[in-house]
$ cat target07.cif   # mmCIF, C-alpha atoms
data_input
#
loop_
_atom_site.label_atom_id
_atom_site.label_comp_id
_atom_site.auth_asym_id
_atom_site.auth_seq_id
_atom_site.Cartn_x
_atom_site.Cartn_y
_atom_site.Cartn_z
CA MET V 1 -13.65 13.86 -14.89
CA SER V 2 -13.66 11.53 -17.86
CA HIS V 3 -13.03 7.91 -17.29
CA SER V 4 -12.06 6.04 -20.38
CA HIS V 5 -9.54 3.30 -19.95
CA ASP V 6 -10.95 -0.11 -19.47
CA HIS V 7 -8.08 -2.52 -18.94
CA ASP V 8 -8.06 -2.32 -15.15
CA HIS V 9 -11.58 -3.09 -14.12
CA THR V 10 -14.06 -4.00 -16.79
CA ASP V 11 -15.92 -7.26 -16.79
CA PRO V 12 -13.27 -9.92 -17.19
CA PRO V 13 -13.19 -12.46 -19.93
CA SER V 14 -15.19 -15.44 -18.81
CA GLU V 15 -11.95 -17.41 -18.85
CA LEU V 16 -10.77 -15.37 -15.86
CA GLU V 17 -14.02 -15.81 -13.96
CA LEU V 18 -13.82 -19.52 -14.56
CA ARG V 19 -10.18 -19.62 -13.46
CA VAL V 20 -11.06 -18.01 -10.13
CA LYS V 21 -14.08 -20.26 -9.63
CA ALA V 22 -12.00 -23.34 -10.41
CA LEU V 23 -9.30 -22.27 -7.97
CA GLU V 24 -11.83 -21.60 -5.21
CA SER V 25 -13.47 -25.00 -5.77
CA LEU V 26 -10.10 -26.73 -5.69
CA LEU V 27 -8.98 -25.02 -2.49
CA VAL V 28 -12.30 -25.67 -0.77
CA GLU V 29 -12.35 -29.33 -1.82
CA LYS V 30 -8.78 -29.79 -0.63
CA GLY V 31 -9.77 -28.30 2.72
CA LEU V 32 -7.42 -25.32 2.39
CA VAL V 33 -9.99 -22.56 2.67
CA ASP V 34 -13.36 -22.19 4.38
CA PRO V 35 -15.82 -20.61 1.93
CA ALA V 36 -17.64 -18.91 4.81
CA ALA V 37 -14.36 -17.24 5.79
CA LEU V 38 -14.04 -15.87 2.26
CA ASP V 39 -17.47 -14.27 2.61
CA VAL V 40 -16.48 -12.66 5.92
CA LEU V 41 -13.23 -11.33 4.44
CA ILE V 42 -15.10 -9.77 1.52
CA ASP V 43 -17.81 -8.30 3.71
CA THR V 44 -15.22 -6.80 6.06
CA TYR V 45 -13.44 -4.82 3.37
CA GLU V 46 -16.50 -4.07 1.27
CA HIS V 47 -18.75 -2.84 4.08
CA LYS V 48 -16.94 -2.38 7.40
CA VAL V 49 -13.43 -1.00 6.88
CA GLY V 50 -13.05 2.11 4.76
CA PRO V 51 -12.02 5.75 4.57
CA ARG V 52 -14.70 6.90 7.02
CA ASN V 53 -12.37 5.46 9.68
CA GLY V 54 -9.55 7.72 8.54
CA ALA V 55 -11.93 10.68 8.40
CA LYS V 56 -12.70 10.16 12.08
CA VAL V 57 -8.98 10.23 12.88
CA VAL V 58 -8.48 13.44 10.91
CA ALA V 59 -11.54 15.20 12.33
CA LYS V 60 -10.47 14.34 15.87
CA ALA V 61 -6.97 15.65 15.18
CA TRP V 62 -8.44 18.90 13.84
CA SER V 63 -10.64 19.41 16.85
CA ASP V 64 -8.54 18.04 19.73
CA PRO V 65 -4.97 19.41 20.03
CA ALA V 66 -3.91 16.80 22.60
CA TYR V 67 -5.09 14.00 20.31
CA LYS V 68 -3.28 15.58 17.37
CA ALA V 69 -0.04 15.76 19.36
CA TRP V 70 -0.40 12.07 20.25
CA LEU V 71 -1.23 11.19 16.63
CA MET V 72 1.89 12.92 15.33
CA GLU V 73 4.02 11.29 18.05
CA ASP V 74 2.62 7.75 17.95
CA ALA V 75 0.08 7.31 15.16
CA THR V 76 -0.30 3.56 15.63
CA GLU V 77 -1.45 3.93 19.23
CA ALA V 78 -3.50 7.08 18.69
CA ILE V 79 -5.37 5.45 15.80
CA ALA V 80 -5.81 2.21 17.75
CA SER V 81 -7.51 4.22 20.52
CA LEU V 82 -10.36 4.83 18.03
CA GLY V 83 -10.59 1.11 17.32
CA PHE V 84 -8.73 0.98 14.01
CA THR V 85 -5.99 -1.65 14.15
CA GLY V 86 -4.55 -4.66 12.44
CA ARG V 87 -3.62 -5.87 9.02
CA GLN V 88 -1.79 -3.33 6.87
CA GLY V 89 -1.93 -0.74 9.63
CA GLU V 90 0.45 -2.34 12.11
CA HIS V 91 2.93 0.55 11.88
CA MET V 92 1.30 3.89 11.18
CA LYS V 93 2.81 7.32 10.59
CA VAL V 94 0.76 10.47 10.07
CA VAL V 95 2.25 13.23 7.96
CA GLU V 96 0.79 16.71 8.27
CA ASN V 97 0.08 19.12 5.45
CA THR V 98 0.98 22.73 6.21
CA PRO V 99 1.10 25.94 4.16
CA GLU V 100 4.77 25.09 3.48
CA CYS V 101 4.61 21.35 2.80
CA HIS V 102 2.13 19.07 1.02
CA ASN V 103 2.45 15.30 1.50
CA VAL V 104 1.34 12.60 -0.92
CA VAL V 105 1.64 8.82 -0.53
CA VAL V 106 2.42 6.08 -3.05
CA CYS V 107 3.79 2.56 -3.23
CA THR V 108 5.87 2.38 -6.39
CA LEU V 109 6.71 -1.31 -5.89
CA CYS V 110 3.25 -2.75 -5.18
CA SER V 111 0.16 -1.31 -3.49
CA CYS V 112 0.98 -0.69 0.20
CA TYR V 113 -1.86 1.29 1.78
CA PRO V 114 -3.19 1.77 5.34
CA TRP V 115 -6.17 -0.60 5.27
CA PRO V 116 -7.58 -0.03 8.79
CA VAL V 117 -8.06 3.69 8.16
CA LEU V 118 -8.66 3.83 4.39
CA GLY V 119 -9.91 0.37 3.42
CA LEU V 120 -8.66 -1.23 0.20
CA PRO V 121 -6.96 1.14 -2.25
CA PRO V 122 -8.74 2.52 -5.31
CA VAL V 123 -7.81 1.16 -8.72
CA TRP V 124 -5.77 4.20 -9.72
CA TYR V 125 -3.58 3.93 -6.60
CA LYS V 126 -2.60 0.38 -7.53
CA ALA V 127 -2.20 1.02 -11.24
CA ALA V 128 0.98 1.71 -13.18
CA PRO V 129 0.33 5.35 -14.20
CA TYR V 130 0.13 6.65 -10.61
CA ARG V 131 2.91 4.44 -9.27
CA SER V 132 5.30 5.39 -12.06
CA ARG V 133 4.59 9.10 -12.22
CA VAL V 134 3.88 10.52 -8.79
CA VAL V 135 7.48 10.20 -7.59
CA ALA V 136 8.92 11.86 -10.69
CA ASP V 137 6.19 14.39 -11.52
CA PRO V 138 4.07 14.87 -8.39
CA ARG V 139 2.75 18.27 -9.46
CA GLY V 140 1.61 16.92 -12.81
CA VAL V 141 -0.16 14.02 -11.10
CA LEU V 142 -1.81 16.30 -8.52
CA GLY V 143 -2.95 18.48 -11.40
CA GLU V 144 -4.83 15.51 -12.85
CA PHE V 145 -6.80 15.43 -9.59
CA GLY V 146 -7.48 19.16 -9.90
CA THR V 147 -4.96 20.01 -7.18
CA GLU V 148 -2.69 22.95 -7.98
CA LEU V 149 -0.01 23.94 -5.47
CA PRO V 150 2.09 27.11 -5.43
CA GLU V 151 5.70 26.74 -6.60
CA GLU V 152 7.04 27.60 -3.15
CA VAL V 153 5.20 24.75 -1.39
CA GLU V 154 7.36 21.64 -0.93
CA VAL V 155 5.71 18.54 -2.33
CA ARG V 156 6.86 15.60 -0.23
CA VAL V 157 6.18 12.17 -1.74
CA TRP V 158 6.23 9.18 0.61
CA ASP V 159 7.08 5.93 -1.19
CA SER V 160 5.80 3.12 1.08
CA THR V 161 8.55 0.63 0.36
CA ALA V 162 8.41 -1.12 3.77
CA GLU V 163 5.70 -1.96 6.33
CA MET V 164 5.27 1.62 7.53
CA ARG V 165 1.89 2.92 6.44
CA TYR V 166 1.32 6.63 5.87
CA LEU V 167 -1.81 8.71 6.37
CA VAL V 168 -1.90 12.35 5.32
CA LEU V 169 -3.41 14.83 7.78
CA PRO V 170 -4.88 17.46 5.44
CA GLN V 171 -5.06 21.14 6.37
CA ARG V 172 -8.26 22.05 8.15
CA PRO V 173 -10.40 24.04 5.71
CA ASP V 174 -11.08 27.71 6.34
CA GLY V 175 -14.52 28.67 7.57
CA THR V 176 -14.89 25.71 9.93
CA GLU V 177 -14.32 27.49 13.23
CA GLY V 178 -16.52 26.01 15.92
CA TRP V 179 -17.41 22.91 13.88
CA THR V 180 -17.79 19.65 15.76
CA ALA V 181 -15.69 16.60 14.91
CA GLU V 182 -18.79 15.03 13.33
CA GLN V 183 -19.24 18.04 11.05
CA LEU V 184 -15.54 18.16 10.17
CA GLU V 185 -15.59 14.49 9.18
CA THR V 186 -17.80 15.31 6.21
CA LEU V 187 -14.98 17.38 4.70
CA VAL V 188 -12.39 14.60 4.81
CA THR V 189 -12.12 12.56 1.63
CA ARG V 190 -10.10 9.45 0.96
CA ASN V 191 -8.12 11.30 -1.70
CA ALA V 192 -7.23 14.04 0.80
CA MET V 193 -5.83 11.41 3.16
CA ILE V 194 -3.70 9.94 0.34
CA GLY V 195 -2.62 13.51 -0.44
CA VAL V 196 -3.76 13.87 -4.04
CA GLU V 197 -6.43 16.40 -3.05
CA THR V 198 -7.11 18.85 -0.25
CA ALA V 199 -9.99 18.49 2.18
CA LYS V 200 -13.33 19.84 0.96
CA SER V 201 -14.29 23.39 1.76
CA PRO V 202 -17.67 23.90 3.47
CA ALA V 203 -19.03 25.17 0.13
CA GLU V 204 -17.80 22.07 -1.73
CA ALA V 205 -19.33 19.84 0.93
CA ASP V 206 -22.66 21.64 0.55
CA ALA V 207 -22.52 21.08 -3.20
CA GLY V 208 -22.18 17.37 -2.47
CA MET U 209 14.69 -7.96 -9.01
CA ASN U 210 14.45 -5.40 -11.77
CA GLY U 211 10.96 -6.53 -12.69
CA GLY U 212 7.85 -5.02 -14.18
CA HIS U 213 6.68 -4.01 -10.71
CA ASP U 214 9.46 -1.48 -10.04
CA LEU U 215 7.70 1.43 -11.69
CA GLY U 216 9.04 4.65 -10.15
CA GLY U 217 10.01 7.04 -12.96
CA MET U 218 8.80 4.87 -15.85
CA HIS U 219 7.18 6.70 -18.77
CA GLY U 220 4.44 5.92 -21.24
CA LEU U 221 1.92 4.34 -18.90
CA GLY U 222 -0.78 6.92 -19.50
CA PRO U 223 -2.92 9.31 -17.47
CA ILE U 224 -4.10 8.57 -13.93
CA ASP U 225 -7.74 8.74 -15.03
CA PRO U 226 -9.22 8.18 -11.56
CA GLU U 227 -12.78 7.10 -11.06
CA PRO U 228 -14.61 9.74 -8.99
CA GLU U 229 -14.12 8.82 -5.34
CA ALA U 230 -17.81 8.78 -4.47
CA GLU U 231 -18.62 6.43 -7.33
CA GLU U 232 -15.84 3.85 -7.13
CA PRO U 233 -16.88 0.48 -5.72
CA VAL U 234 -14.46 -1.52 -3.56
CA PHE U 235 -14.55 -4.36 -6.08
CA HIS U 236 -15.46 -4.13 -9.75
CA ALA U 237 -16.50 -7.73 -10.34
CA GLU U 238 -17.43 -10.81 -8.34
CA TRP U 239 -14.24 -12.60 -9.39
CA GLU U 240 -12.21 -9.77 -7.82
CA ARG U 241 -13.95 -10.35 -4.49
CA ARG U 242 -13.15 -14.04 -4.62
CA ALA U 243 -9.54 -13.56 -5.82
CA PHE U 244 -8.94 -11.08 -3.00
CA ALA U 245 -10.40 -13.33 -0.31
CA LEU U 246 -8.65 -16.45 -1.64
CA ASN U 247 -5.33 -14.63 -1.36
CA LEU U 248 -5.92 -13.59 2.23
CA ALA U 249 -7.38 -16.89 3.37
CA SER U 250 -4.57 -18.90 1.74
CA GLY U 251 -2.00 -16.58 3.27
CA PHE U 252 -3.29 -17.42 6.75
CA LEU U 253 -2.17 -21.03 6.20
CA GLY U 254 1.27 -19.67 7.07
CA LYS U 255 3.17 -21.21 4.18
CA TRP U 256 4.53 -17.89 2.93
CA ASN U 257 5.04 -14.37 4.24
CA ILE U 258 4.07 -11.02 2.74
CA ASP U 259 7.43 -10.57 1.01
CA GLN U 260 7.27 -13.99 -0.59
CA GLY U 261 3.79 -13.03 -1.74
CA ARG U 262 5.11 -9.88 -3.38
CA TYR U 263 8.01 -11.72 -4.98
CA ALA U 264 5.63 -14.26 -6.49
CA ARG U 265 3.74 -11.48 -8.26
CA GLU U 266 6.93 -9.71 -9.36
CA ARG U 267 8.35 -12.79 -11.05
CA GLN U 268 5.78 -12.70 -13.79
CA HIS U 269 6.96 -11.56 -17.22
CA PRO U 270 6.96 -7.74 -17.11
CA ALA U 271 4.58 -7.62 -20.07
CA ASP U 272 2.12 -9.79 -18.16
CA TYR U 273 2.53 -7.80 -14.93
CA LEU U 274 1.78 -4.53 -16.71
CA ARG U 275 -1.04 -5.86 -18.88
CA ASN U 276 -2.85 -7.64 -16.04
CA SER U 277 -5.35 -5.89 -13.82
CA TYR U 278 -4.45 -5.76 -10.13
CA TYR U 279 -6.37 -8.81 -9.00
CA GLU U 280 -5.15 -10.80 -12.00
CA ASN U 281 -1.65 -10.22 -10.66
CA TRP U 282 -2.81 -11.37 -7.23
CA LEU U 283 -4.32 -14.47 -8.78
CA ALA U 284 -1.15 -15.27 -10.72
CA GLY U 285 0.93 -14.80 -7.59
CA LEU U 286 -1.36 -17.01 -5.55
CA GLU U 287 -1.18 -19.84 -8.10
CA THR U 288 2.63 -19.63 -7.99
CA LEU U 289 2.68 -19.70 -4.19
CA LEU U 290 0.26 -22.60 -3.91
CA VAL U 291 2.36 -24.77 -6.20
CA GLU U 292 5.75 -23.71 -4.82
CA SER U 293 4.63 -24.31 -1.25
CA GLY U 294 3.34 -27.76 -2.17
CA LEU U 295 -0.22 -27.01 -1.06
CA VAL U 296 -1.44 -27.72 -4.59
CA THR U 297 0.26 -29.59 -7.41
CA ALA U 298 0.64 -28.14 -10.89
CA GLU U 299 -1.59 -30.94 -12.14
CA GLU U 300 -4.34 -30.12 -9.64
CA LEU U 301 -4.14 -26.50 -10.68
CA ALA U 302 -4.32 -27.39 -14.37
CA THR U 303 -7.20 -29.85 -14.03
CA GLY U 304 -9.02 -28.34 -11.05
CA LEU U 305 -9.35 -31.86 -9.65
CA PRO U 306 -8.04 -32.46 -6.12
CA ALA U 307 -5.73 -35.44 -5.76
CA GLY U 308 -6.20 -35.51 -1.99
CA LYS U 309 -7.19 -33.55 1.07
CA ALA U 310 -4.84 -31.29 2.98
CA GLU U 311 -3.96 -32.42 6.49
CA GLY U 312 -2.50 -30.81 9.57
CA LEU U 313 -3.11 -27.24 8.46
CA ARG U 314 -4.75 -24.46 10.45
CA VAL U 315 -7.41 -23.26 8.08
CA LEU U 316 -8.86 -19.79 8.66
CA LEU U 317 -12.45 -20.28 9.77
CA ALA U 318 -15.17 -17.66 9.42
CA ASP U 319 -15.42 -16.98 13.14
CA LYS U 320 -11.67 -16.37 13.36
CA VAL U 321 -11.43 -13.80 10.57
CA GLU U 322 -12.10 -10.72 12.66
CA GLY U 323 -9.50 -11.64 15.26
CA ALA U 324 -6.91 -12.57 12.65
CA LEU U 325 -7.31 -9.27 10.81
CA ALA U 326 -7.22 -7.28 14.05
CA LYS U 327 -4.01 -9.01 15.07
CA GLY U 328 -2.27 -8.25 11.78
CA GLY U 329 1.35 -9.13 11.24
CA PRO U 330 3.73 -6.73 12.91
CA ALA U 331 7.03 -6.28 11.06
CA THR U 332 9.01 -4.84 13.94
CA MET U 333 11.46 -6.97 15.91
CA ASP U 334 12.07 -6.30 19.57
CA ILE U 335 15.80 -6.95 19.56
CA PRO U 336 18.63 -4.70 20.67
CA MET U 337 20.53 -3.54 17.64
CA ALA U 338 22.74 -0.47 17.29
CA ALA U 339 21.83 1.82 14.41
CA ARG U 340 24.64 2.48 11.94
CA PHE U 341 23.05 5.76 10.82
CA SER U 342 21.59 8.72 12.67
CA VAL U 343 19.01 11.28 11.67
CA GLY U 344 20.75 13.89 9.53
CA ASP U 345 23.37 11.53 8.11
CA LYS U 346 24.08 11.67 4.40
CA ILE U 347 23.89 8.25 2.78
CA ARG U 348 24.08 6.72 -0.67
CA VAL U 349 21.78 3.90 -1.70
CA VAL U 350 23.90 0.92 -2.68
CA ASN U 351 23.99 0.00 -6.34
CA ILE U 352 22.52 -3.46 -6.19
CA ASN U 353 20.74 -5.37 -8.95
CA PRO U 354 19.74 -8.70 -7.41
CA THR U 355 17.53 -11.11 -9.30
CA SER U 356 15.96 -11.86 -5.91
CA HIS U 357 13.41 -9.64 -4.13
CA THR U 358 14.47 -6.20 -2.99
CA ARG U 359 12.57 -3.19 -1.69
CA ALA U 360 15.27 -0.72 -2.77
CA PRO U 361 13.61 0.76 -5.86
CA ARG U 362 15.70 1.23 -8.98
CA TYR U 363 15.16 4.98 -9.13
CA ALA U 364 16.95 5.49 -5.79
CA ARG U 365 19.99 3.28 -6.31
CA GLY U 366 23.28 5.15 -6.29
CA LYS U 367 21.51 8.34 -5.18
CA ILE U 368 22.50 10.42 -2.17
CA GLY U 369 19.91 11.26 0.47
CA THR U 370 19.52 12.24 4.10
CA VAL U 371 18.29 10.04 6.93
CA GLU U 372 15.14 11.69 8.32
CA LEU U 373 13.65 9.02 10.62
CA ASP U 374 14.77 5.78 12.23
CA HIS U 375 11.70 3.52 12.35
CA GLY U 376 13.49 0.98 14.55
CA VAL U 377 14.30 -2.64 13.76
CA HIS U 378 12.04 -4.19 11.13
CA ILE U 379 12.08 -7.54 9.39
CA PHE U 380 14.34 -7.04 6.36
CA ALA U 381 12.11 -7.62 3.35
CA ASP U 382 14.90 -8.63 0.97
CA ARG U 383 15.78 -11.62 3.18
CA SER U 384 12.21 -12.24 4.28
CA ALA U 385 11.35 -13.04 0.65
CA GLU U 386 13.81 -15.94 1.00
CA GLY U 387 12.00 -17.14 4.11
CA LEU U 388 14.53 -15.70 6.57
CA LYS U 389 13.61 -13.48 9.51
CA GLU U 390 16.42 -10.95 9.82
CA GLY U 391 16.09 -7.66 11.69
CA GLN U 392 17.60 -4.43 10.34
CA HIS U 393 17.06 -0.77 11.13
CA LEU U 394 14.57 0.79 8.80
CA TYR U 395 15.00 4.46 7.92
CA SER U 396 12.97 7.09 6.13
CA VAL U 397 15.45 8.69 3.74
CA ALA U 398 14.81 12.02 1.98
CA PHE U 399 15.99 12.61 -1.58
CA GLY U 400 15.79 15.91 -3.40
CA ALA U 401 13.64 15.66 -6.50
CA ALA U 402 16.51 17.16 -8.52
CA THR U 403 18.88 14.48 -7.16
CA LEU U 404 16.54 11.78 -8.42
CA TRP U 405 15.26 13.33 -11.63
CA GLY U 406 17.66 16.08 -12.67
CA ASP U 407 17.50 19.81 -13.10
CA GLY U 408 13.96 19.87 -14.44
CA ALA U 409 12.52 18.92 -11.07
CA ASN U 410 11.22 21.46 -8.58
CA ARG U 411 14.12 22.12 -6.22
CA ARG U 412 11.89 22.20 -3.14
CA ASP U 413 10.26 18.83 -3.76
CA THR U 414 11.46 15.68 -2.04
CA VAL U 415 10.78 11.96 -2.06
CA ARG U 416 10.92 9.97 1.19
CA ILE U 417 11.73 6.29 0.80
CA ASP U 418 11.81 3.62 3.52
CA LEU U 419 15.11 1.75 3.23
CA TRP U 420 16.79 -0.82 5.44
CA GLU U 421 20.34 -0.43 6.70
CA PRO U 422 21.89 -2.86 4.16
CA HIS U 423 20.49 -0.62 1.40
CA LEU U 424 22.59 2.32 2.59
CA GLU U 425 26.26 3.25 2.67
CA PRO U 426 27.83 6.28 4.36
CA VAL U 427 28.83 9.30 2.31
CA GLU U 428 32.04 11.04 3.40
#
$ encode --input "target07.cif" --output "structure tokens"
Amino acid sequence: MSHSHDHDHTDPPSELELRVKALESLLVEKGLVDPAALDVLIDTYEHKVGPRNGAKVVAKAWSDPAYKAWLMEDATEAIASLGFTGRQGEHMKVVENTPECHNVVVCTLCSCYPWPVLGLPPVWYKAAPYRSRVVADPRGVLGEFGTELPEEVEVRVWDSTAEMRYLVLPQRPDGTEGWTAEQLETLVTRNAMIGVETAKSPAEADAG
Amino acid sequence: MNGGHDLGGMHGLGPIDPEPEAEEPVFHAEWERRAFALNLASGFLGKWNIDQGRYARERQHPADYLRNSYYENWLAGLETLLVESGLVTAEELATGLPAGKAEGLRVLLADKVEGALAKGGPATMDIPMAARFSVGDKIRVVNINPTSHTRAPRYARGKIGTVELDHGVHIFADRSAEGLKEGQHLYSVAFGAATLWGDGANRRDTVRIDLWEPHLEPVE
């Protein structure tokens, strides 16, 4: 997929870098922030919390019917049982894709996203094109991710306008009978848990 | 407010153009890392809540909001919040020179980060409150156009939908942005795509929006 536009995440003008540095220095000197805490915050979301957490939730739901029932009934608690809790995941709801209904999540007003299971959102999720278009033209947006759905499937868009956070449970791919949860995890992408793609097939996973 | 942030249904903003998932880094520049962490760490000082944080970003000129990258908007919002809360003066911000040290604040220390993130900030309120609406009820979103913060998006106002879920009593964001902690039932409301966007929309497709009770009125 081509990637051309550059206004969201290229190297900033040095003015911006300097502005952030100046603000950090000011806040540290005033005793408002601990620079070591900033490093821990960055490390947490850059290296520790991310979509592999969500993939574990999905793979367990695919392979353990009792867990799936709990997850659909009380996602916050079921997800917490795997150790994923806290900021921006305080109130979780899992929505299940079926042959009749495909779910996709957005936050048209800002960038609400379930951090404990997916980490920080990708640039496109936070950017104006996705936020403006997926509620009005979900099939067109899914098409830009290579996801084509039959006319008769309901596309259900969840606009996260409050503190509820939504995680899509993708359909389990065909040809995975007898797979362990660890194997299934490899098929679960971040984009599938946002709902803009389906989970990988075994063949796609093999292709990398 | 009808600001540059309320994007549902807007045209002309271009293709999605996603970076391939496997190749996208969490941050794209060092300044993004620092701007992100400064926002979180400053927020833990407790001088503003999440809704006041959102409102600070929304109050930028719409042209600025749309032109800025994501973390530039966070940075702009943080500067607004720091000055409005009195933690930093406009002069300190402009010069970068501290006029004095902060006192009596609980600063987030490195060894407290993990616990603070794990605790989060629940938005539910454990108070008895009768729900005005039940699952299955038809409602209309009120036609409001406040210049203050609201989480009722423009594209849903005046539209008729069906209550699908009652999430219980949550802090009402519209008042929370004014610093008030008011509980209201929060509902997931389903709208037909054709109701929102007209006859060109797929008639099976729906949009679910989380709306608080004051956003809704009964439909006879």
$ closest_atom_pairs --input "target07.cif" --of "chain U" --to "chain V" --cutoff "7 Å" --atoms "only C-alpha atoms" --output "Markdown table"
| residue | atom | partner | partner_atom | distance |
| --- | --- | --- | --- | --- |
| U:His213 | CA | V:Leu109 | CA | 5.5 |
| U:Asp214 | CA | V:Leu109 | CA | 5.0 |
| U:Leu215 | CA | V:Ser132 | CA | 4.6 |
| U:Gly216 | CA | V:Ser132 | CA | 4.3 |
| U:Gly217 | CA | V:Ser132 | CA | 5.1 |
| U:Met218 | CA | V:Ser132 | CA | 5.2 |
| U:Leu221 | CA | V:Pro129 | CA | 5.1 |
| U:Gly222 | CA | V:Pro129 | CA | 5.6 |
| U:Pro223 | CA | V:Pro129 | CA | 6.1 |
| U:Ile224 | CA | V:Pro129 | CA | 5.5 |
| U:Asp225 | CA | V:His3 | CA | 5.8 |
| U:Pro226 | CA | V:Trp124 | CA | 5.6 |
| U:Glu227 | CA | V:His3 | CA | 6.3 |
| U:Val234 | CA | V:Glu46 | CA | 5.8 |
| U:His236 | CA | V:His9 | CA | 5.9 |
| U:Ala237 | CA | V:Asp11 | CA | 6.5 |
| U:Trp239 | CA | V:Glu17 | CA | 5.6 |
| U:Arg241 | CA | V:Ile42 | CA | 6.1 |
| U:Ala243 | CA | V:Val20 | CA | 6.4 |
| U:Ala245 | CA | V:Leu38 | CA | 5.1 |
| U:Leu246 | CA | V:Leu38 | CA | 6.7 |
| U:Ala249 | CA | V:Val33 | CA | 6.3 |
| U:Ser250 | CA | V:Val33 | CA | 6.6 |
| U:Ser277 | CA | V:Asp8 | CA | 4.7 |
| U:Tyr278 | CA | V:Lys126 | CA | 6.9 |
| U:Gly304 | CA | V:Leu26 | CA | 5.7 |
| U:Leu305 | CA | V:Leu26 | CA | 6.5 |
| U:Pro306 | CA | V:Leu26 | CA | 6.1 |
| U:Gly308 | CA | V:Lys30 | CA | 6.4 |
| U:Lys309 | CA | V:Lys30 | CA | 4.4 |
| U:Ala310 | CA | V:Lys30 | CA | 5.6 |
| U:Val315 | CA | V:Val33 | CA | 6.0 |
| U:Leu316 | CA | V:Asp34 | CA | 6.7 |
| U:Leu317 | CA | V:Ala37 | CA | 5.4 |
| U:Ala318 | CA | V:Ala37 | CA | 3.7 |
| U:Val321 | CA | V:Ala37 | CA | 6.6 |
| U:Leu325 | CA | V:Arg87 | CA | 5.3 |
| U:Ala326 | CA | V:Gly86 | CA | 4.1 |
| U:Lys327 | CA | V:Gly86 | CA | 5.1 |
| U:Gly328 | CA | V:Arg87 | CA | 3.9 |
| U:Gly329 | CA | V:Arg87 | CA | 6.3 |
| U:Pro330 | CA | V:Glu90 | CA | 5.5 |
| U:Ala331 | CA | V:Glu163 | CA | 6.5 |
| U:Arg359 | CA | V:Thr161 | CA | 5.9 |
| U:Trp405 | CA | V:Ala136 | CA | 6.6 |
| U:Arg412 | CA | V:Glu154 | CA | 5.1 |
| U:Asp413 | CA | V:Val155 | CA | 4.8 |
| U:Thr414 | CA | V:Arg156 | CA | 4.9 |
| U:Val415 | CA | V:Val157 | CA | 4.6 |
| U:Arg416 | CA | V:Trp158 | CA | 4.8 |
| U:Ile417 | CA | V:Asp159 | CA | 5.1 |
| U:Asp418 | CA | V:Thr161 | CA | 5.4 |
$ residues_around --input "target07.cif" --residues "Phe380 (chain U)" --least-positions-apart "3" --cutoff "8 Å" --atoms "only C-alpha atoms" --output "VMD selection string"
chain U and resid 383 to 384 389 to 392 420
$ residues_around --input "target07.cif" --residues "Asp345 (chain U)" --least-positions-apart "6" --cutoff "12 Å" --atoms "only C-alpha atoms" --output "PyMOL selection string"
chain U and resi 339+368-374+395-398+424-428
$ write_last_selection --input "target07.cif" --atoms "C-alpha atoms" --output "PDB file, in the coordinates of the input"
ATOM      1  CA  ALA U 339      21.830   1.820  14.410  1.00  0.00           C
ATOM      2  CA  ILE U 368      22.500  10.420  -2.170  1.00  0.00           C
ATOM      3  CA  GLY U 369      19.910  11.260   0.470  1.00  0.00           C
ATOM      4  CA  THR U 370      19.520  12.240   4.100  1.00  0.00           C
ATOM      5  CA  VAL U 371      18.290  10.040   6.930  1.00  0.00           C
ATOM      6  CA  GLU U 372      15.140  11.690   8.320  1.00  0.00           C
ATOM      7  CA  LEU U 373      13.650   9.020  10.620  1.00  0.00           C
ATOM      8  CA  ASP U 374      14.770   5.780  12.230  1.00  0.00           C
ATOM      9  CA  TYR U 395      15.000   4.460   7.920  1.00  0.00           C
ATOM     10  CA  SER U 396      12.970   7.090   6.130  1.00  0.00           C
ATOM     11  CA  VAL U 397      15.450   8.690   3.740  1.00  0.00           C
ATOM     12  CA  ALA U 398      14.810  12.020   1.980  1.00  0.00           C
ATOM     13  CA  LEU U 424      22.590   2.320   2.590  1.00  0.00           C
ATOM     14  CA  GLU U 425      26.260   3.250   2.670  1.00  0.00           C
ATOM     15  CA  PRO U 426      27.830   6.280   4.360  1.00  0.00           C
ATOM     16  CA  VAL U 427      28.830   9.300   2.310  1.00  0.00           C
ATOM     17  CA  GLU U 428      32.040  11.040   3.400  1.00  0.00           C
TER      18      GLU U 428
END
$ atom_distance --input "target07.cif" --atom1 "CA of Ile258 (chain U)" --atom2 "CA of Gly387 (chain U)"
10.1 Å
$ residues_around --input "target07.cif" --residues "Tyr263 (chain U)" --least-positions-apart "4" --cutoff "10 Å" --atoms "all atoms listed in the file" --output "ChimeraX atom specification"
/U:209,211,213,258-259,267-268,285,289,356-358,382,385-386
$ atom_distance --input "target07.cif" --atom1 "CA of Ala205 (chain V)" --atom2 "CA of Thr186 (chain V)"
7.1 Å
$ resolve_selection --input "target07.cif" --expression "the PyMOL selection byres ((chain V and resi 52) around 10)" --output "ChimeraX atom specification"
/V:48-51,53-58,117-119,185-186,188-190
